[in-house]
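Visitor: One structure, pasted below without further comment.
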Amino acid sequence: MTSTDTMARWFAGQLKPNGLAQAERNLARQGIETFCPWTVEARHRNGRMTDRSRPLFPGYVFLRLNPEAGLWRAVNSTRGLTRLVQTDPRAPTPLPDALIEGLRARCDAQGRLEAAPSLEPGDRVRVIAGPFADLVTRIETIGEDARIRVLFDLMNRKVAIDLDPRQVHKLD
């Protein structure tokens with residue numbers, strides 16, 4: 001089966017622990033297209049910012065196949081894969097094509113999710129890494145080195161903090 005098969009649909013496959021590479025390799029041998037989006041996470045380690053790649057949906061991989069061809073039962077026995085996600089025991093549940101195409105459009109050639117939309121002063125952001133994780137604030141300024149300055153109200157006083165843009169997520 002090729003990815004140009006008009007009856008092919010996208011499905012979510014549940015992985016065995018640490019089974020992503022094995023599942024992708026074995027599904028490729030069966031001629032099944034896979035997609036696993038990755039995200040880059042900024043973390044403080046030993047006083048330095050480091051990047052760590054991890055799957056956007058840990059424990060799952062997306063795969064494209066024609067369920068009418070009956071291949072989905074063989075996919076359920078693929079090494080590295082536990083099963084296809086199903087709501088009906090007779091057939092796997094397809095995902096909306098727009099969901100996968102939207103994810104693919106935001107990923108680079110290696111499947112890494114590209115940076116969020118550009119940040120501007122005044123944007124509301126949630127801190128996603130570091131000691132201020134999960135706090136919501138507004139961007140005050142963006143420096144020439146692309147670091148952003150935010151203000152937090154801590155113990156009844158305003159505290160200015162400079163953050164790496166990878167430490168924040170823009171809110172709508």
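Residue numbering restarts at 1 in every chain; chains get A, B, ... in the order shown in the structure tokens, and ligands count up from 1 in that same order.
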Just want the 7 Å neighbourhood of Leu171 of chain A, counted on only C-alpha atoms, with same-chain residues fewer than 3 positions away dropped. Output as a PyMOL selection string.
Guide: chain A and resi 124-126
Visitor: Do you know which residues are at most 9 Å from Glu120 of chain A counting only C-alpha atoms, after dropping those on the same chain fewer than 2 positions away, and could you put them as a ChimeraX atom specification?
Guide: /A:118,122-123,139-142
Visitor: Restricting the output to N, CA and C atoms, write the selected residues as a tab-separated table (two decimals), in the first residue's frame.
Guide:
```tsv
chain	number	residue	atom	x	y	z
A	118	SER	N	5.27	34.22	16.45
A	118	SER	CA	6.18	35.19	17.05
A	118	SER	C	5.54	35.87	18.26
A	122	GLY	N	3.18	42.60	25.27
A	122	GLY	CA	1.75	42.65	25.54
A	122	GLY	C	1.06	41.31	25.40
A	123	ASP	N	1.71	40.32	24.74
A	123	ASP	CA	1.11	38.99	24.59
A	123	ASP	C	1.01	38.30	25.94
A	139	ILE	N	4.02	39.71	28.36
A	139	ILE	CA	5.37	40.09	27.97
A	139	ILE	C	5.50	41.60	28.08
A	140	GLU	N	6.52	42.05	28.80
A	140	GLU	CA	6.78	43.48	28.92
A	140	GLU	C	7.65	43.97	27.76
A	141	THR	N	8.80	43.34	27.58
A	141	THR	CA	9.71	43.73	26.50
A	141	THR	C	10.40	42.49	25.93
A	142	ILE	N	10.94	42.65	24.74
A	142	ILE	CA	11.76	41.60	24.13
A	142	ILE	C	13.10	42.24	23.81
```
Visitor: For the strand (DSSP E) assignment from backbone DSSP, which residues of chain A qualify? Please present them as a ChimeraX atom specification.
Guide: /A:9-15,33-35,38-45,48-55,60-65,81-84,124-127,136-142,148-154,157-163,168-170
Visitor: Per DSSP on the backbone, filter chain A down to the residues in helix (DSSP H, G or I) and report them as a ChimeraX atom specification.
Guide: /A:20-29,67-69,71-75,97-105,165-167
Visitor: Could you check which of A:Gly80, A:Gly111, A:Pro131, A:Gly59 is closest to Gln22 of chain A, using only C-alpha atoms?
Guide: A:Gly80
Visitor: Which one is closest to Leu56 of chain A: A:Ile100, A:Leu113, A:Ile148, A:Ala91? Count only C-alpha atoms.
Guide: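 Distance minimum relative to Leu56 of chain A lands on A:Leu113.
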Visitor: Any idea what the distance is between atom CA of Leu163 of chain A and atom CA of Pro58 of chain A?
Guide: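 Value for the atom CA of Leu163 of chain A-atom CA of Pro58 of chain A distance: 26.4 Å.
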Visitor: Please provide as number ranges by chain all residues within 9 Å of Val40 of chain A, with the sequence filter that same-chain residues fewer than 2 positions apart are discarded (counting only C-alpha atoms).
Guide: A: 38, 42, 51-56, 112-114, 166
